[in-house]
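*Asks:* coords21.txt is the file, holding compact mmCIF, C-alpha atoms:
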# COMPACT_ATOMS: atom_id res chain seq x y z
CA MET Q 1 108.21 94.98 99.00
CA GLN Q 2 111.69 96.43 99.62
CA VAL Q 3 112.15 97.17 95.89
CA GLU Q 4 108.78 98.95 95.78
CA LEU Q 5 109.65 101.01 98.86
CA GLU Q 6 113.04 101.97 97.39
CA ALA Q 7 111.35 103.05 94.15
CA VAL Q 8 108.86 105.14 96.10
CA GLU Q 9 111.62 106.69 98.23
CA THR Q 10 113.48 107.96 95.17
CA ALA Q 11 110.40 109.45 93.52
CA ALA Q 12 109.35 113.05 94.08
CA PRO Q 13 105.86 113.68 95.51
CA GLN Q 14 103.39 114.64 92.79
CA GLY Q 15 100.48 115.83 94.91
CA PHE Q 16 97.39 113.72 95.37
CA GLY Q 17 97.09 112.90 91.68
CA ASP Q 18 93.90 112.25 89.78
CA PRO Q 19 90.71 112.60 91.84
CA ALA Q 20 89.16 109.84 89.69
CA ALA Q 21 91.62 107.31 91.16
CA TRP Q 22 90.64 108.42 94.67
CA GLN Q 23 86.99 108.21 93.69
CA ALA Q 24 87.43 104.63 92.51
CA MET Q 25 89.00 103.76 95.86
CA LEU Q 26 86.17 105.44 97.77
CA ASP Q 27 83.61 103.59 95.65
CA ARG Q 28 85.26 100.26 96.55
CA HIS Q 29 84.83 101.12 100.24
CA SER Q 30 81.41 102.77 99.95
CA GLU Q 31 79.95 100.66 102.78
CA LEU Q 32 82.09 102.63 105.26
CA PHE Q 33 80.33 105.84 104.36
CA THR Q 34 76.67 104.75 104.21
CA ASP Q 35 75.94 105.90 107.78
CA MET Q 36 77.59 109.27 107.30
CA VAL Q 37 75.33 112.29 106.92
CA ALA Q 38 75.41 114.54 103.87
CA GLY Q 39 77.98 117.29 104.24
CA SER Q 40 80.40 115.22 106.30
CA ALA Q 41 83.88 115.91 104.98
CA VAL Q 42 87.44 114.72 105.41
CA GLY Q 43 90.47 116.63 104.15
CA PHE Q 44 94.02 115.58 103.30
CA VAL Q 45 96.78 118.16 102.90
CA PRO Q 46 100.49 117.66 102.26
CA ARG Q 47 102.73 118.55 105.19
CA THR Q 48 105.23 120.15 102.79
CA GLY Q 49 104.12 123.70 102.14
CA SER Q 50 101.35 123.60 104.73
CA GLY Q 51 103.39 124.82 107.68
CA ILE Q 52 101.77 122.12 109.80
CA GLN Q 53 104.46 120.29 111.74
CA PRO Q 54 104.41 117.67 114.52
CA GLY Q 55 104.44 119.14 117.99
CA LYS Q 56 103.10 122.55 116.98
CA HIS Q 57 99.94 123.86 118.60
CA VAL Q 58 97.11 124.17 116.08
CA ALA Q 59 96.08 127.58 117.42
CA GLY Q 60 99.27 129.03 115.98
CA LEU Q 61 98.52 127.51 112.59
CA VAL Q 62 95.28 129.28 111.77
CA ASP Q 63 96.66 130.89 108.61
CA CYS Q 64 99.18 128.19 107.73
CA GLY Q 65 98.96 126.21 104.55
CA LYS Q 66 96.53 128.41 102.69
CA GLY Q 67 96.70 127.62 99.01
CA VAL Q 68 98.29 124.15 99.15
CA GLU Q 69 96.39 121.35 97.46
CA MET Q 70 93.73 119.61 99.56
CA LEU Q 71 92.13 116.30 98.73
CA ARG Q 72 88.58 116.52 100.04
CA TRP Q 73 86.20 113.61 100.58
CA THR Q 74 82.63 114.83 101.00
CA VAL Q 75 79.42 112.88 101.55
CA ASP Q 76 76.71 113.89 99.12
CA ALA Q 77 73.67 112.21 97.54
CA ASP Q 78 75.97 109.88 95.57
CA GLY Q 79 78.00 108.77 98.59
CA MET Q 80 81.57 109.86 99.35
CA THR Q 81 83.01 112.05 96.59
CA ALA Q 82 86.68 112.95 96.06
CA THR Q 83 87.69 116.39 94.82
CA LEU Q 84 90.87 118.47 94.74
CA GLU Q 85 90.79 122.07 95.86
CA ARG Q 86 92.97 124.68 97.49
CA PHE Q 87 93.31 124.41 101.26
CA PRO Q 88 91.84 127.61 102.73
CA GLY Q 89 93.39 127.06 106.19
CA PHE Q 90 92.04 125.45 109.36
CA GLN Q 91 89.26 127.95 110.01
CA GLU Q 92 87.77 127.83 106.51
CA ALA Q 93 88.47 124.20 105.53
CA GLN Q 94 84.98 123.02 106.53
CA VAL Q 95 86.13 119.46 107.20
CA ASP Q 96 85.44 117.29 110.21
CA LEU Q 97 88.78 115.50 110.09
CA LEU Q 98 92.07 116.70 108.65
CA PHE Q 99 94.92 114.38 107.73
CA VAL Q 100 98.32 116.01 107.18
CA VAL Q 101 100.42 113.77 104.94
CA ASP Q 102 104.23 113.85 104.75
CA ASP Q 103 106.09 113.31 101.46
CA MET Q 104 106.66 109.59 102.06
CA ALA Q 105 102.99 109.01 102.88
CA LEU Q 106 101.93 110.96 99.82
CA LEU Q 107 104.01 108.67 97.61
CA LEU Q 108 102.88 105.49 99.35
CA LEU Q 109 99.21 106.45 99.16
CA GLY Q 110 99.50 107.18 95.46
CA ALA Q 111 101.06 103.76 94.94
CA ALA Q 112 98.34 102.06 97.02
CA LEU Q 113 95.27 103.59 95.37
CA GLU Q 114 94.38 100.41 93.50
CA GLY Q 115 94.99 98.24 96.57
CA ASP Q 116 94.00 98.55 100.21
CA THR Q 117 94.49 102.28 100.62
CA LEU Q 118 92.66 102.51 103.94
CA SER Q 119 95.00 99.95 105.53
CA GLN Q 120 97.91 101.99 104.18
CA ILE Q 121 96.45 105.15 105.76
CA LYS Q 122 96.09 103.27 109.07
CA ARG Q 123 99.75 102.15 108.94
CA LEU Q 124 100.99 105.61 108.04
CA ILE Q 125 99.07 107.20 110.92
CA ARG Q 126 100.63 104.72 113.34
CA GLN Q 127 104.10 105.34 111.90
CA GLY Q 128 103.69 109.11 112.22
CA ASN Q 129 103.72 109.83 108.50
CA ILE Q 130 100.15 111.11 108.69
CA MET Q 131 99.06 113.51 111.41
CA PHE Q 132 95.40 113.45 112.30
CA PHE Q 133 93.36 116.46 113.45
CA VAL Q 134 89.80 116.19 114.73
CA LEU Q 135 87.94 119.43 114.09
CA ARG Q 136 84.59 118.33 115.57
CA THR Q 137 83.61 117.00 118.97
CA LYS Q 138 83.30 113.29 119.63
CA PHE Q 139 79.52 113.66 119.76
CA GLU Q 140 79.37 115.57 116.47
CA LEU Q 141 81.42 112.84 114.81
CA GLN Q 142 79.19 110.16 116.30
CA ASP Q 143 76.04 111.96 115.11
CA ALA Q 144 77.57 112.36 111.64
CA GLY Q 145 78.16 108.60 111.37
CA TYR Q 146 81.98 108.45 111.47
CA GLU Q 147 82.25 105.38 113.72
CA ASP Q 148 82.87 102.72 111.03
CA PHE Q 149 85.29 104.90 109.11
CA LEU Q 150 87.36 105.79 112.18
CA ASP Q 151 87.33 102.20 113.44
CA THR Q 152 88.68 101.06 110.05
CA LEU Q 153 91.61 103.45 110.48
CA GLY Q 154 92.22 102.21 114.02
CA LEU Q 155 91.05 105.52 115.48
CA ALA Q 156 88.43 104.43 117.99
CA PHE Q 157 86.99 107.69 119.22
CA LEU Q 158 84.19 106.48 121.47
CA GLY Q 159 86.47 104.88 124.01
CA ALA Q 160 86.31 101.42 125.52
CA CYS Q 161 83.09 102.00 127.49
CA ARG Q 162 79.96 102.76 125.52
Show the structure stored in the file as structure tokens.
*Replies:*
Amino acid sequence: MQVELEAVETAAPQGFGDPAAWQAMLDRHSELFTDMVAGSAVGFVPRTGSGIQPGKHVAGLVDCGKGVEMLRWTVDADGMTATLERFPGFQEAQVDLLFVVDDMALLLLGAALEGDTLSQIKRLIRQGNIMFFVLRTKFELQDAGYEDFLDTLGLAFLGACR
């Protein structure tokens, strides 16, 4: 594991890579998305170039990051679909959840695409390598069917009492 981590640390981030690799990963975990309603969407943007930094208030970031690459997962008739597009900024992103990925996380996620990528995302959130923004209310997320997905990432949003 240490050798793999050292190899990843010396590599330069190459963006999110091929959407087909992300699609294969999403297809392996399709059961997590079956309860999600069509149009539900999750976005991933790199921290580098986005202007989004830890400890900064989101209100001041409305125009930040426009034009950086965004990996978008969207629920459609075929399930969850991965695409790459330009990040239009917070106001126009039209995603329910936004994950902001630092350079280390970007490399580690790329290396984990054929393995347990969701566990890697969970670890990277806990380590602070991925920031997580919720752009919908708890009730909107619940109605959209996000519970299983968020629970898998260790992001219980309904609280202990239901």
*Asks:* Which of these residues is nearest to Val37 (chain Q), using only C-alpha atoms: Q:Leu71, Q:Ala24, Q:Ala77, Q:Met131?
*Replies:*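 Ranked by minimum distance to Val37 (chain Q), first place goes to Q:Ala77.
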*Asks:* Of the candidates Q:Ala156, Q:Ala144, Q:Ile125, Q:Met80, which one gets nearest to Ala105 (chain Q) if we count all atoms listed in the file?
*Replies:*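 Result for the nearest residue to Ala105 (chain Q): Q:Ile125.
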*Asks:* Could you jot down the CA of Leu97 (chain Q) to CA of Leu155 (chain Q) separation for me, Å, one decimal place?
*Replies:*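 CA of Leu155 (chain Q) lies 11.6 Å from CA of Leu97 (chain Q).
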*Asks:* Report the distance between CA of Arg136 (chain Q) and CA of Asp96 (chain Q) in Å, rounded to one decimal place.
*Replies:*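 For CA of Arg136 (chain Q) relative to CA of Asp96 (chain Q), the distance reads 5.5 Å.
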*Asks:* What's the separation between CA of Thr81 (chain Q) and CA of Leu98 (chain Q), in Å to one decimal place?
*Replies:*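 Interatomic distance here is 15.8 Å.
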*Asks:* Under the rule that only C-alpha atoms are counted, which of Q:Pro46, Q:Gly145, Q:Gly39, Q:Gly79 is the nearest residue to Phe99 (chain Q)?
*Replies:*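 So, comparing all the options, the nearest one is Q:Pro46.
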